[in-house]
Amino acid sequence: MQGFSANLGFLWTDLSLPDAVRKAHAAGFGAVECHWPYAVPAEELRAALEETGLPLLGLNTRKGDREGDFGLAALPGREEEARAAIDEAVAYAAAVGARAVHVMAGRVAEDEAAEAAFAANLAHACKAAEPHGITILIEPINHHDVPGYFLSRVEQAAAIIRRVGTSNLKIMFDCYHTQIMQGDLVRRFAAHGDLIGHVQIAAVPSRAEPDEGEICFERLLPAMRAGGYEGFFGAEYKPRAGTDEGLGWARAFANT
């Protein structure tokens with residue numbers, strides 16, 4: 001399981017975040033990641049990370065405080081809020097030693113105004129993150145789970161990265177979201193491999209443990225390794241029952 005990262009936004013949610021880190025370590029995961037850790041003092045999370053030796057791969061910017069918000073960075077007119085969320089996330093990531101920040105785009109029509117706002121806010125994020133060695137991630141998210149999300153396709157993410165033009169901006173390639181929106185995961189991953197900073201997995205369409213459904217991860221993950229991916233695979237799924245009860249998939253994939 002050392003090649004897998006436990007996403008603590010979905011796994012062991014009955015525990016405090018520091019205790020979930022400890023649980024992930026005990027279960028054999030090689031890293032952890034999370035969604036919105038801000039209610040936990042940074043020193044408490046950092047202590048758990050140092051105690052276990054697990055790297056924290058990433059965290060998200062806040063969704064926003066208005067009904068329906070699911071990120072702010074692509075919303076014209078809300079740049080001040082978006083940059084405050086970015087600055088908070090980068091500062092927290094630096095304090096706990098996280099490697100990346102996922103800047104959430106938000107729900108907005110896909111047009112030039114939204115893309116321009118997103119690109120400008122990402123440029124701000126990359127500049128803020130660079131002194132800390134932090135990568136900025138953007139994630140295409142499917143419209144079944146999050147209707148109207150601005151960023152929904154891998155090619156769209158690649159075009160935005162080229163527009164921003166910084167080396168610390170990468171794609172979070174979530175196999176669940178990409179399979180629902182686009183499919184053709186092996187070739188799509190290969191076409192954009194140099195821009196991919198992190199990979200996440202879950203079953204499609206259930207978003208449960210990655211041992212059912214449309215995607216054959218037993219073949220996909222080795223194909224990604226053969227294509228040059230050396231990072232962790234983020235286990236961002238919703239357990240069918242308890243987290244511990246569903247970890248058989250990870251043991252089956254132990255050599256990936």
# chains A, B, ... in the order shown; residues from 1 in each chain; ligands from 1
call {"tool": "residues_around", "arguments": {"residues": "Gly227 of chain A", "least_positions_apart": "2", "cutoff": "12 Å", "atoms": "only C-alpha atoms", "output": "MDAnalysis selection string"}}
result
chainID A and resid 186:194 196 220:225 229:231
call {"tool": "write_last_selection", "arguments": {"atoms": "N, CA and C atoms", "output": "compact mmCIF listing (two decimals), in the first residue's frame"}}
result
# COMPACT_ATOMS: atom_id res chain seq x y z
N VAL A 186 -6.45 5.74 -20.53
CA VAL A 186 -5.04 5.44 -20.81
C VAL A 186 -4.46 6.42 -21.81
N ARG A 187 -5.14 6.64 -22.92
CA ARG A 187 -4.62 7.55 -23.93
C ARG A 187 -4.68 9.00 -23.48
N ARG A 188 -5.72 9.35 -22.74
CA ARG A 188 -5.82 10.73 -22.26
C ARG A 188 -4.71 11.03 -21.24
N PHE A 189 -4.42 10.06 -20.39
CA PHE A 189 -3.32 10.22 -19.44
C PHE A 189 -1.99 10.33 -20.17
N ALA A 190 -1.78 9.47 -21.14
CA ALA A 190 -0.51 9.49 -21.88
C ALA A 190 -0.31 10.81 -22.62
N ALA A 191 -1.38 11.36 -23.15
CA ALA A 191 -1.27 12.60 -23.92
C ALA A 191 -0.88 13.79 -23.06
N HIS A 192 -1.18 13.72 -21.77
CA HIS A 192 -0.95 14.87 -20.90
C HIS A 192 -0.05 14.53 -19.70
N GLY A 193 0.69 13.44 -19.81
CA GLY A 193 1.47 12.96 -18.68
C GLY A 193 2.43 13.98 -18.09
N ASP A 194 3.01 14.83 -18.93
CA ASP A 194 3.96 15.81 -18.42
C ASP A 194 3.30 16.91 -17.60
N ILE A 196 0.63 16.22 -15.48
CA ILE A 196 -0.14 15.60 -14.40
C ILE A 196 0.68 15.56 -13.13
N LEU A 220 -5.11 -0.39 -15.34
CA LEU A 220 -4.88 1.03 -15.55
C LEU A 220 -3.67 1.54 -14.78
N LEU A 221 -3.58 1.18 -13.51
CA LEU A 221 -2.48 1.73 -12.70
C LEU A 221 -1.10 1.26 -13.20
N PRO A 222 -0.92 -0.02 -13.53
CA PRO A 222 0.37 -0.40 -14.13
C PRO A 222 0.64 0.31 -15.46
N ALA A 223 -0.40 0.58 -16.23
CA ALA A 223 -0.19 1.32 -17.48
C ALA A 223 0.30 2.73 -17.20
N MET A 224 -0.22 3.35 -16.16
CA MET A 224 0.25 4.69 -15.79
C MET A 224 1.69 4.64 -15.31
N ARG A 225 2.03 3.62 -14.54
CA ARG A 225 3.42 3.46 -14.12
C ARG A 225 4.33 3.27 -15.34
N TYR A 229 4.52 7.60 -14.71
CA TYR A 229 4.01 8.22 -13.48
C TYR A 229 4.69 7.60 -12.27
N GLU A 230 5.29 8.42 -11.44
CA GLU A 230 6.03 7.94 -10.28
C GLU A 230 5.40 8.36 -8.96
N GLY A 231 4.29 9.08 -9.00
CA GLY A 231 3.68 9.59 -7.79
C GLY A 231 2.77 8.58 -7.11
call {"tool": "select_by_dssp", "arguments": {"residues": "segment 94-182 of chain A", "states": "helix (DSSP H, G or I)", "output": "PyMOL selection string"}}
result
chain A and resi 94-96+112-132+154-164+175-181
call {"tool": "closest_atom_pairs", "arguments": {"of": "segment 80-174 of chain A", "to": "segment 204-208 of chain A", "cutoff": "12 Å", "atoms": "only C-alpha atoms", "output": "CSV"}}
result
residue,atom,partner,partner_atom,distance
A:Asn142,CA,A:Pro205,CA,11.4
A:His144,CA,A:Pro205,CA,10.3
A:Asp145,CA,A:Arg207,CA,10.5
A:Asp174,CA,A:Val204,CA,11.2
call {"tool": "closest_residue", "arguments": {"among": "A:Met181, A:Ile201, A:Leu195, A:Ala158", "to": "Thr135 of chain A", "atoms": "only C-alpha atoms"}}
result
A:Leu195
call {"tool": "closest_residue", "arguments": {"among": "A:His25, A:His124, A:Arg219, A:Arg99", "to": "Trp12 of chain A", "atoms": "only C-alpha atoms"}}
result
A:His25
call {"tool": "residues_around", "arguments": {"residues": "segment 245-252 of chain A", "least_positions_apart": "5", "cutoff": "7 Å", "atoms": "only C-alpha atoms", "output": "ChimeraX atom specification"}}
result
/A:1,209-211,239
call {"tool": "closest_residue", "arguments": {"among": "A:Gly234, A:Pro37, A:Gly68, A:Pro147", "to": "Ala109 of chain A", "atoms": "only C-alpha atoms"}}
result
A:Pro147
call {"tool": "residues_around", "arguments": {"residues": "segment 114-117 of chain A", "least_positions_apart": "2", "cutoff": "10 Å", "atoms": "only C-alpha atoms", "output": "PDB file with all heavy atoms, in the first residue's frame"}}
result
ATOM      1  N   LEU A  72     -13.942  29.229  -6.004  1.00  0.00           N
ATOM      2  CA  LEU A  72     -14.086  30.657  -6.299  1.00  0.00           C
ATOM      3  C   LEU A  72     -13.210  31.153  -7.430  1.00  0.00           C
ATOM      4  O   LEU A  72     -13.444  32.241  -7.965  1.00  0.00           O
ATOM      5  CB  LEU A  72     -13.738  31.469  -5.035  1.00  0.00           C
ATOM      6  CG  LEU A  72     -14.577  31.199  -3.790  1.00  0.00           C
ATOM      7  CD1 LEU A  72     -13.904  31.828  -2.567  1.00  0.00           C
ATOM      8  CD2 LEU A  72     -15.981  31.750  -3.966  1.00  0.00           C
ATOM      9  N   ALA A  73     -12.200  30.401  -7.815  1.00  0.00           N
ATOM     10  CA  ALA A  73     -11.121  30.963  -8.619  1.00  0.00           C
ATOM     11  C   ALA A  73     -11.504  31.322 -10.043  1.00  0.00           C
ATOM     12  O   ALA A  73     -10.815  32.123 -10.684  1.00  0.00           O
ATOM     13  CB  ALA A  73      -9.915  30.020  -8.628  1.00  0.00           C
ATOM     14  N   ALA A  74     -12.575  30.752 -10.585  1.00  0.00           N
ATOM     15  CA  ALA A  74     -12.988  31.084 -11.957  1.00  0.00           C
ATOM     16  C   ALA A  74     -14.207  32.007 -11.980  1.00  0.00           C
ATOM     17  O   ALA A  74     -14.803  32.196 -13.047  1.00  0.00           O
ATOM     18  CB  ALA A  74     -13.295  29.810 -12.739  1.00  0.00           C
ATOM     19  N   LEU A  75     -14.552  32.595 -10.859  1.00  0.00           N
ATOM     20  CA  LEU A  75     -15.758  33.413 -10.769  1.00  0.00           C
ATOM     21  C   LEU A  75     -15.414  34.892 -10.933  1.00  0.00           C
ATOM     22  O   LEU A  75     -14.850  35.513 -10.020  1.00  0.00           O
ATOM     23  CB  LEU A  75     -16.461  33.194  -9.430  1.00  0.00           C
ATOM     24  CG  LEU A  75     -17.395  31.975  -9.324  1.00  0.00           C
ATOM     25  CD1 LEU A  75     -16.671  30.671  -9.646  1.00  0.00           C
ATOM     26  CD2 LEU A  75     -18.035  31.908  -7.947  1.00  0.00           C
ATOM     27  N   PRO A  76     -15.709  35.483 -12.098  1.00  0.00           N
ATOM     28  CA  PRO A  76     -15.438  36.920 -12.282  1.00  0.00           C
ATOM     29  C   PRO A  76     -16.174  37.742 -11.229  1.00  0.00           C
ATOM     30  O   PRO A  76     -17.325  37.470 -10.877  1.00  0.00           O
ATOM     31  CB  PRO A  76     -15.999  37.201 -13.682  1.00  0.00           C
ATOM     32  CG  PRO A  76     -15.981  35.876 -14.374  1.00  0.00           C
ATOM     33  CD  PRO A  76     -16.294  34.871 -13.300  1.00  0.00           C
ATOM     34  N   GLY A  77     -15.477  38.728 -10.690  1.00  0.00           N
ATOM     35  CA  GLY A  77     -16.062  39.591  -9.677  1.00  0.00           C
ATOM     36  C   GLY A  77     -15.825  39.144  -8.254  1.00  0.00           C
ATOM     37  O   GLY A  77     -16.124  39.894  -7.319  1.00  0.00           O
ATOM     38  N   ARG A  78     -15.280  37.931  -8.084  1.00  0.00           N
ATOM     39  CA  ARG A  78     -15.018  37.437  -6.726  1.00  0.00           C
ATOM     40  C   ARG A  78     -13.522  37.156  -6.521  1.00  0.00           C
ATOM     41  O   ARG A  78     -13.121  36.316  -5.726  1.00  0.00           O
ATOM     42  CB  ARG A  78     -15.860  36.191  -6.439  1.00  0.00           C
ATOM     43  CG  ARG A  78     -17.357  36.493  -6.489  1.00  0.00           C
ATOM     44  CD  ARG A  78     -18.216  35.304  -6.125  1.00  0.00           C
ATOM     45  NE  ARG A  78     -18.077  34.950  -4.716  1.00  0.00           N
ATOM     46  CZ  ARG A  78     -18.702  33.914  -4.142  1.00  0.00           C
ATOM     47  NH1 ARG A  78     -19.501  33.147  -4.878  1.00  0.00           N
ATOM     48  NH2 ARG A  78     -18.536  33.657  -2.863  1.00  0.00           N
ATOM     49  N   GLU A  79     -12.704  37.934  -7.240  1.00  0.00           N
ATOM     50  CA  GLU A  79     -11.257  37.728  -7.187  1.00  0.00           C
ATOM     51  C   GLU A  79     -10.692  37.941  -5.782  1.00  0.00           C
ATOM     52  O   GLU A  79      -9.778  37.220  -5.360  1.00  0.00           O
ATOM     53  CB  GLU A  79     -10.550  38.644  -8.187  1.00  0.00           C
ATOM     54  CG  GLU A  79     -10.717  38.248  -9.641  1.00  0.00           C
ATOM     55  CD  GLU A  79     -12.005  38.758 -10.272  1.00  0.00           C
ATOM     56  OE1 GLU A  79     -12.823  39.378  -9.549  1.00  0.00           O
ATOM     57  OE2 GLU A  79     -12.203  38.537 -11.480  1.00  0.00           O
ATOM     58  N   ALA A  82     -11.396  34.874  -3.808  1.00  0.00           N
ATOM     59  CA  ALA A  82     -10.620  33.754  -4.341  1.00  0.00           C
ATOM     60  C   ALA A  82      -9.169  33.838  -3.885  1.00  0.00           C
ATOM     61  O   ALA A  82      -8.581  32.828  -3.477  1.00  0.00           O
ATOM     62  CB  ALA A  82     -10.702  33.735  -5.862  1.00  0.00           C
ATOM     63  N   ALA A 105     -12.060  25.739  -8.872  1.00  0.00           N
ATOM     64  CA  ALA A 105     -12.507  26.721  -9.864  1.00  0.00           C
ATOM     65  C   ALA A 105     -13.871  27.301  -9.541  1.00  0.00           C
ATOM     66  O   ALA A 105     -14.094  28.511  -9.634  1.00  0.00           O
ATOM     67  CB  ALA A 105     -12.544  26.061 -11.247  1.00  0.00           C
ATOM     68  N   GLY A 106     -14.830  26.446  -9.208  1.00  0.00           N
ATOM     69  CA  GLY A 106     -16.180  26.906  -8.915  1.00  0.00           C
ATOM     70  C   GLY A 106     -17.155  26.672 -10.047  1.00  0.00           C
ATOM     71  O   GLY A 106     -16.787  26.271 -11.153  1.00  0.00           O
ATOM     72  N   ARG A 107     -18.412  26.941  -9.751  1.00  0.00           N
ATOM     73  CA  ARG A 107     -19.503  26.791 -10.721  1.00  0.00           C
ATOM     74  C   ARG A 107     -19.713  28.110 -11.454  1.00  0.00           C
ATOM     75  O   ARG A 107     -20.091  29.117 -10.857  1.00  0.00           O
ATOM     76  CB  ARG A 107     -20.797  26.409 -10.007  1.00  0.00           C
ATOM     77  CG  ARG A 107     -20.843  25.021  -9.405  1.00  0.00           C
ATOM     78  CD  ARG A 107     -22.197  24.797  -8.763  1.00  0.00           C
ATOM     79  NE  ARG A 107     -22.464  23.416  -8.424  1.00  0.00           N
ATOM     80  CZ  ARG A 107     -22.432  22.929  -7.185  1.00  0.00           C
ATOM     81  NH1 ARG A 107     -22.116  23.724  -6.171  1.00  0.00           N
ATOM     82  NH2 ARG A 107     -22.723  21.652  -6.956  1.00  0.00           N
ATOM     83  N   VAL A 108     -19.493  28.088 -12.766  1.00  0.00           N
ATOM     84  CA  VAL A 108     -19.675  29.275 -13.588  1.00  0.00           C
ATOM     85  C   VAL A 108     -19.670  28.841 -15.049  1.00  0.00           C
ATOM     86  O   VAL A 108     -19.072  27.818 -15.391  1.00  0.00           O
ATOM     87  CB  VAL A 108     -18.561  30.311 -13.311  1.00  0.00           C
ATOM     88  CG1 VAL A 108     -17.192  29.796 -13.752  1.00  0.00           C
ATOM     89  CG2 VAL A 108     -18.856  31.655 -13.953  1.00  0.00           C
ATOM     90  N   ALA A 109     -20.334  29.610 -15.891  1.00  0.00           N
ATOM     91  CA  ALA A 109     -20.364  29.284 -17.317  1.00  0.00           C
ATOM     92  C   ALA A 109     -18.957  29.288 -17.896  1.00  0.00           C
ATOM     93  O   ALA A 109     -18.113  30.120 -17.538  1.00  0.00           O
ATOM     94  CB  ALA A 109     -21.241  30.282 -18.068  1.00  0.00           C
ATOM     95  N   GLU A 110     -18.712  28.375 -18.814  1.00  0.00           N
ATOM     96  CA  GLU A 110     -17.400  28.268 -19.440  1.00  0.00           C
ATOM     97  C   GLU A 110     -17.289  29.305 -20.555  1.00  0.00           C
ATOM     98  O   GLU A 110     -17.703  29.080 -21.690  1.00  0.00           O
ATOM     99  CB  GLU A 110     -17.208  26.855 -20.005  1.00  0.00           C
ATOM    100  CG  GLU A 110     -15.804  26.596 -20.537  1.00  0.00           C
ATOM    101  CD  GLU A 110     -15.671  25.199 -21.113  1.00  0.00           C
ATOM    102  OE1 GLU A 110     -16.340  24.278 -20.615  1.00  0.00           O
ATOM    103  OE2 GLU A 110     -14.895  25.044 -22.073  1.00  0.00           O
ATOM    104  N   ASP A 111     -16.724  30.459 -20.219  1.00  0.00           N
ATOM    105  CA  ASP A 111     -16.542  31.510 -21.210  1.00  0.00           C
ATOM    106  C   ASP A 111     -15.210  32.203 -20.962  1.00  0.00           C
ATOM    107  O   ASP A 111     -14.475  31.868 -20.020  1.00  0.00           O
ATOM    108  CB  ASP A 111     -17.708  32.507 -21.195  1.00  0.00           C
ATOM    109  CG  ASP A 111     -17.914  33.195 -19.850  1.00  0.00           C
ATOM    110  OD1 ASP A 111     -16.962  33.250 -19.033  1.00  0.00           O
ATOM    111  OD2 ASP A 111     -19.029  33.695 -19.597  1.00  0.00           O
ATOM    112  N   GLU A 112     -14.891  33.184 -21.804  1.00  0.00           N
ATOM    113  CA  GLU A 112     -13.586  33.835 -21.725  1.00  0.00           C
ATOM    114  C   GLU A 112     -13.408  34.588 -20.420  1.00  0.00           C
ATOM    115  O   GLU A 112     -12.317  34.610 -19.846  1.00  0.00           O
ATOM    116  CB  GLU A 112     -13.389  34.773 -22.914  1.00  0.00           C
ATOM    117  CG  GLU A 112     -12.146  35.658 -22.841  1.00  0.00           C
ATOM    118  CD  GLU A 112     -10.836  34.891 -22.638  1.00  0.00           C
ATOM    119  OE1 GLU A 112     -10.743  33.721 -23.057  1.00  0.00           O
ATOM    120  OE2 GLU A 112      -9.902  35.481 -22.049  1.00  0.00           O
ATOM    121  N   ALA A 119      -7.308  32.005 -14.830  1.00  0.00           N
ATOM    122  CA  ALA A 119      -5.890  32.090 -15.151  1.00  0.00           C
ATOM    123  C   ALA A 119      -5.179  33.115 -14.273  1.00  0.00           C
ATOM    124  O   ALA A 119      -4.075  32.877 -13.782  1.00  0.00           O
ATOM    125  CB  ALA A 119      -5.709  32.425 -16.628  1.00  0.00           C
ATOM    126  N   ALA A 120      -5.809  34.260 -14.058  1.00  0.00           N
ATOM    127  CA  ALA A 120      -5.194  35.299 -13.233  1.00  0.00           C
ATOM    128  C   ALA A 120      -5.056  34.844 -11.788  1.00  0.00           C
ATOM    129  O   ALA A 120      -4.021  35.077 -11.137  1.00  0.00           O
ATOM    130  CB  ALA A 120      -6.010  36.583 -13.321  1.00  0.00           C
ATOM    131  N   ASN A 121      -6.086  34.197 -11.271  1.00  0.00           N
ATOM    132  CA  ASN A 121      -6.017  33.716  -9.896  1.00  0.00           C
ATOM    133  C   ASN A 121      -5.018  32.580  -9.744  1.00  0.00           C
ATOM    134  O   ASN A 121      -4.332  32.470  -8.721  1.00  0.00           O
ATOM    135  CB  ASN A 121      -7.403  33.278  -9.424  1.00  0.00           C
ATOM    136  CG  ASN A 121      -8.315  34.454  -9.140  1.00  0.00           C
ATOM    137  OD1 ASN A 121      -7.864  35.504  -8.677  1.00  0.00           O
ATOM    138  ND2 ASN A 121      -9.591  34.297  -9.419  1.00  0.00           N
ATOM    139  N   LEU A 122      -4.894  31.742 -10.767  1.00  0.00           N
ATOM    140  CA  LEU A 122      -3.887  30.680 -10.720  1.00  0.00           C
ATOM    141  C   LEU A 122      -2.478  31.250 -10.784  1.00  0.00           C
ATOM    142  O   LEU A 122      -1.567  30.734 -10.123  1.00  0.00           O
ATOM    143  CB  LEU A 122      -4.119  29.691 -11.856  1.00  0.00           C
ATOM    144  CG  LEU A 122      -5.350  28.798 -11.702  1.00  0.00           C
ATOM    145  CD1 LEU A 122      -5.589  27.996 -12.978  1.00  0.00           C
ATOM    146  CD2 LEU A 122      -5.217  27.872 -10.509  1.00  0.00           C
ATOM    147  N   ALA A 123      -2.286  32.292 -11.568  1.00  0.00           N
ATOM    148  CA  ALA A 123      -0.972  32.939 -11.601  1.00  0.00           C
ATOM    149  C   ALA A 123      -0.618  33.474 -10.215  1.00  0.00           C
ATOM    150  O   ALA A 123       0.527  33.352  -9.757  1.00  0.00           O
ATOM    151  CB  ALA A 123      -0.967  34.058 -12.632  1.00  0.00           C
ATOM    152  N   PHE A 150     -16.824  24.755 -13.588  1.00  0.00           N
ATOM    153  CA  PHE A 150     -16.160  25.376 -14.729  1.00  0.00           C
ATOM    154  C   PHE A 150     -15.189  24.435 -15.428  1.00  0.00           C
ATOM    155  O   PHE A 150     -15.149  24.357 -16.663  1.00  0.00           O
ATOM    156  CB  PHE A 150     -15.413  26.635 -14.281  1.00  0.00           C
ATOM    157  CG  PHE A 150     -14.524  27.216 -15.347  1.00  0.00           C
ATOM    158  CD1 PHE A 150     -15.072  27.922 -16.408  1.00  0.00           C
ATOM    159  CD2 PHE A 150     -13.146  27.036 -15.313  1.00  0.00           C
ATOM    160  CE1 PHE A 150     -14.268  28.447 -17.417  1.00  0.00           C
ATOM    161  CE2 PHE A 150     -12.333  27.552 -16.305  1.00  0.00           C
ATOM    162  CZ  PHE A 150     -12.894  28.256 -17.363  1.00  0.00           C
ATOM    163  N   LEU A 151     -14.377  23.724 -14.664  1.00  0.00           N
ATOM    164  CA  LEU A 151     -13.308  22.891 -15.228  1.00  0.00           C
ATOM    165  C   LEU A 151     -13.768  21.434 -15.227  1.00  0.00           C
ATOM    166  O   LEU A 151     -13.902  20.820 -14.162  1.00  0.00           O
ATOM    167  CB  LEU A 151     -12.035  23.043 -14.390  1.00  0.00           C
ATOM    168  CG  LEU A 151     -10.787  22.315 -14.893  1.00  0.00           C
ATOM    169  CD1 LEU A 151     -10.348  22.848 -16.240  1.00  0.00           C
ATOM    170  CD2 LEU A 151      -9.658  22.428 -13.869  1.00  0.00           C
ATOM    171  N   GLN A 156      -9.105  20.919 -21.388  1.00  0.00           N
ATOM    172  CA  GLN A 156      -9.365  22.279 -20.915  1.00  0.00           C
ATOM    173  C   GLN A 156      -8.345  22.668 -19.844  1.00  0.00           C
ATOM    174  O   GLN A 156      -7.805  23.784 -19.864  1.00  0.00           O
ATOM    175  CB  GLN A 156     -10.786  22.346 -20.359  1.00  0.00           C
ATOM    176  CG  GLN A 156     -11.219  23.699 -19.809  1.00  0.00           C
ATOM    177  CD  GLN A 156     -12.529  23.588 -19.040  1.00  0.00           C
ATOM    178  OE1 GLN A 156     -13.019  22.476 -18.772  1.00  0.00           O
ATOM    179  NE2 GLN A 156     -13.095  24.727 -18.678  1.00  0.00           N
ATOM    180  N   ILE A 160      -5.418  25.722 -19.969  1.00  0.00           N
ATOM    181  CA  ILE A 160      -5.287  26.761 -18.945  1.00  0.00           C
ATOM    182  C   ILE A 160      -3.869  26.782 -18.394  1.00  0.00           C
ATOM    183  O   ILE A 160      -3.289  27.857 -18.165  1.00  0.00           O
ATOM    184  CB  ILE A 160      -6.328  26.531 -17.840  1.00  0.00           C
ATOM    185  CG1 ILE A 160      -7.725  26.859 -18.380  1.00  0.00           C
ATOM    186  CG2 ILE A 160      -6.017  27.381 -16.604  1.00  0.00           C
ATOM    187  CD1 ILE A 160      -8.857  26.409 -17.492  1.00  0.00           C
ATOM    188  N   ARG A 163      -1.773  28.578 -20.769  1.00  0.00           N
ATOM    189  CA  ARG A 163      -2.069  30.012 -20.705  1.00  0.00           C
ATOM    190  C   ARG A 163      -1.369  30.677 -19.522  1.00  0.00           C
ATOM    191  O   ARG A 163      -0.814  31.774 -19.658  1.00  0.00           O
ATOM    192  CB  ARG A 163      -3.580  30.220 -20.607  1.00  0.00           C
ATOM    193  CG  ARG A 163      -4.014  31.671 -20.452  1.00  0.00           C
ATOM    194  CD  ARG A 163      -5.514  31.815 -20.633  1.00  0.00           C
ATOM    195  NE  ARG A 163      -5.945  33.192 -20.456  1.00  0.00           N
ATOM    196  CZ  ARG A 163      -7.132  33.667 -20.841  1.00  0.00           C
ATOM    197  NH1 ARG A 163      -8.017  32.867 -21.413  1.00  0.00           N
ATOM    198  NH2 ARG A 163      -7.448  34.947 -20.651  1.00  0.00           N
ATOM    199  N   VAL A 164      -1.379  30.016 -18.368  1.00  0.00           N
ATOM    200  CA  VAL A 164      -0.731  30.595 -17.186  1.00  0.00           C
ATOM    201  C   VAL A 164       0.785  30.570 -17.337  1.00  0.00           C
ATOM    202  O   VAL A 164       1.478  31.532 -16.974  1.00  0.00           O
ATOM    203  CB  VAL A 164      -1.179  29.852 -15.919  1.00  0.00           C
ATOM    204  CG1 VAL A 164      -0.435  30.377 -14.686  1.00  0.00           C
ATOM    205  CG2 VAL A 164      -2.691  30.006 -15.722  1.00  0.00           C
TER     206      VAL A 164
END
call {"tool": "closest_residue", "arguments": {"among": "A:Ala26, A:Ile215, A:Ala100, A:Ile141", "to": "Leu59 of chain A", "atoms": "only C-alpha atoms"}}
result
A:Ala100
call {"tool": "closest_residue", "arguments": {"among": "A:Ala27, A:Ala39, A:Leu17, A:Ala159", "to": "Asp244 of chain A", "atoms": "only C-alpha atoms"}}
result
A:Ala27
call {"tool": "closest_residue", "arguments": {"among": "A:Gln182, A:Ala91, A:Leu54, A:Ala98", "to": "Gln2 of chain A", "atoms": "only C-alpha atoms"}}
result
A:Leu54
call {"tool": "atom_distance", "arguments": {"atom1": "atom CA of Val154 of chain A", "atom2": "atom CA of Ala125 of chain A"}}
result
19.9 Å
call {"tool": "select_by_dssp", "arguments": {"residues": "segment 132-220 of chain A", "states": "strand (DSSP E or B)", "output": "list in words"}}
result
Thr135, Ile136, Leu137, Ile138, Tyr149, Leu169, Lys170, Ile171, Met172, Phe173, Asp174, Ile196, Gly197, His198, Val199, Gln200, Ile201, Val204 and Gly213 of chain A
call {"tool": "atom_distance", "arguments": {"atom1": "atom CA of Gly228 of chain A", "atom2": "atom CA of Leu185 of chain A"}}
result
14.8 Å
call {"tool": "decode", "arguments": {"residues": "segment 25-37 of chain A", "atoms": "N, CA and C atoms", "output": "short mmCIF file (atom, residue, chain, number, x, y, z; two decimals), in the first residue's frame"}}
result
data_model
loop_
_atom_site.label_atom_id
_atom_site.label_comp_id
_atom_site.auth_asym_id
_atom_site.auth_seq_id
_atom_site.Cartn_x
_atom_site.Cartn_y
_atom_site.Cartn_z
N HIS A 25 -1.54 5.61 8.60
CA HIS A 25 -0.19 5.04 8.77
C HIS A 25 -0.28 3.60 9.25
N ALA A 26 -1.13 3.34 10.23
CA ALA A 26 -1.28 1.99 10.75
C ALA A 26 -1.79 1.03 9.70
N ALA A 27 -2.61 1.53 8.78
CA ALA A 27 -3.16 0.69 7.71
C ALA A 27 -2.17 0.43 6.59
N GLY A 28 -1.05 1.16 6.58
CA GLY A 28 -0.01 0.90 5.59
C GLY A 28 0.05 1.85 4.42
N PHE A 29 -0.76 2.92 4.42
CA PHE A 29 -0.69 3.90 3.34
C PHE A 29 0.65 4.63 3.37
N GLY A 30 1.10 5.03 2.19
CA GLY A 30 2.39 5.71 2.09
C GLY A 30 2.31 7.21 2.19
N ALA A 31 1.09 7.76 2.15
CA ALA A 31 0.90 9.21 2.21
C ALA A 31 -0.56 9.48 2.55
N VAL A 32 -0.86 10.75 2.81
CA VAL A 32 -2.24 11.18 3.05
C VAL A 32 -2.51 12.45 2.27
N GLU A 33 -3.79 12.74 2.08
CA GLU A 33 -4.23 14.00 1.49
C GLU A 33 -5.56 14.34 2.14
N CYS A 34 -6.03 15.57 1.98
CA CYS A 34 -7.28 15.94 2.63
C CYS A 34 -7.99 17.00 1.80
N HIS A 35 -9.17 17.40 2.27
CA HIS A 35 -9.95 18.40 1.57
C HIS A 35 -9.79 19.77 2.22
N TRP A 36 -10.46 19.98 3.36
CA TRP A 36 -10.46 21.30 4.01
C TRP A 36 -10.08 21.12 5.48
N PRO A 37 -8.79 21.25 5.80
CA PRO A 37 -8.32 20.94 7.15
C PRO A 37 -8.34 22.13 8.11
#
